[in-house]
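Written out below as structure tokens is the structure these notes cover.
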Amino acid sequence: MAAVADTIRDALSHLRVQDPRQPLKAEHARDGIRALNQMMTRWEADHLSLGWQEVSSPDDEMPVPPEALEAISYNLVLKLRPRFGVVIDGDVIQQATDGLAALRADVLSNQYERISYDDLPAGNNQQTYGWREAYTR
């Protein structure tokens, strides 16, 4: 699992205000954690459920699936940009947009409702197994 500091460092590197080889400054870590918690809480409220739980330290592990980390770091760039007053490269914006869309698609594909029509009569000579079993027989 990645640490919160790694995600913030990645975002600040994409923003070109942090050398990725240097340790995170305390004020950058504090601002990054605050922005990260705000962004992820908003995503959870918008039904982009990744299992987020607020973090409080740069050493905390990111409480999300590993496949979400890249999208989170690129979207954190958008959230942090006003604090640094820099221009974001177009490819970074595209990565953030594409990453968020991919996360939404992943979450949506894992949510489904099973519909059952138990009150409908079965026809003559029909098996009583479920529709999924019909494809495996």
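Chains: A, B, ... in order of the structure tokens. Residues: from 1 per chain. Ligands: from 1, in order shown.
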Item to complete: Could you give me, as JSON, numbers by chain, each residue of stretch 3-102 of chain A that DSSP assigns to helix (DSSP H, G or I) when run on this structure's backbone?
Response: {"A": [4, 5, 6, 7, 8, 9, 10, 11, 12, 13, 14, 26, 27, 28, 29, 30, 31, 32, 33, 34, 35, 36, 37, 38, 39, 40, 41, 42, 43, 44, 45, 66, 67, 68, 69, 70, 71, 72, 73, 74, 75, 76, 77, 78, 79, 80, 81, 82, 83, 84, 90, 91, 92, 93, 94, 95, 96, 97, 98, 99, 100, 101, 102]}
Discussion item. At a cut-off of 8 Å, using only C-alpha atoms, what residues contact A:Ile33? Leave out same-chain residues fewer than 6 positions from it and give the result as number ranges by chain.
Written reply: A: 4, 8, 55-58
Fill in: Shell of 12 Å around A:Leu76, only C-alpha atoms, local chain residues under 6 positions omitted, as a PyMOL selection string
chain A and resi 4+7-15+31-40+43+69-70+82-83+88+92-93+95-97+99-100
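Here atom CA of A:His28 and atom CA of A:Ala101 stand 27.1 Å from one another.
With atom CA of A:Arg21 on one side and atom CA of A:Ala3 on the other, the separation reads 15.0 Å.
Across the model, the gap from atom CA of A:Met1 to atom CA of A:Ser109 is 23.5 Å.
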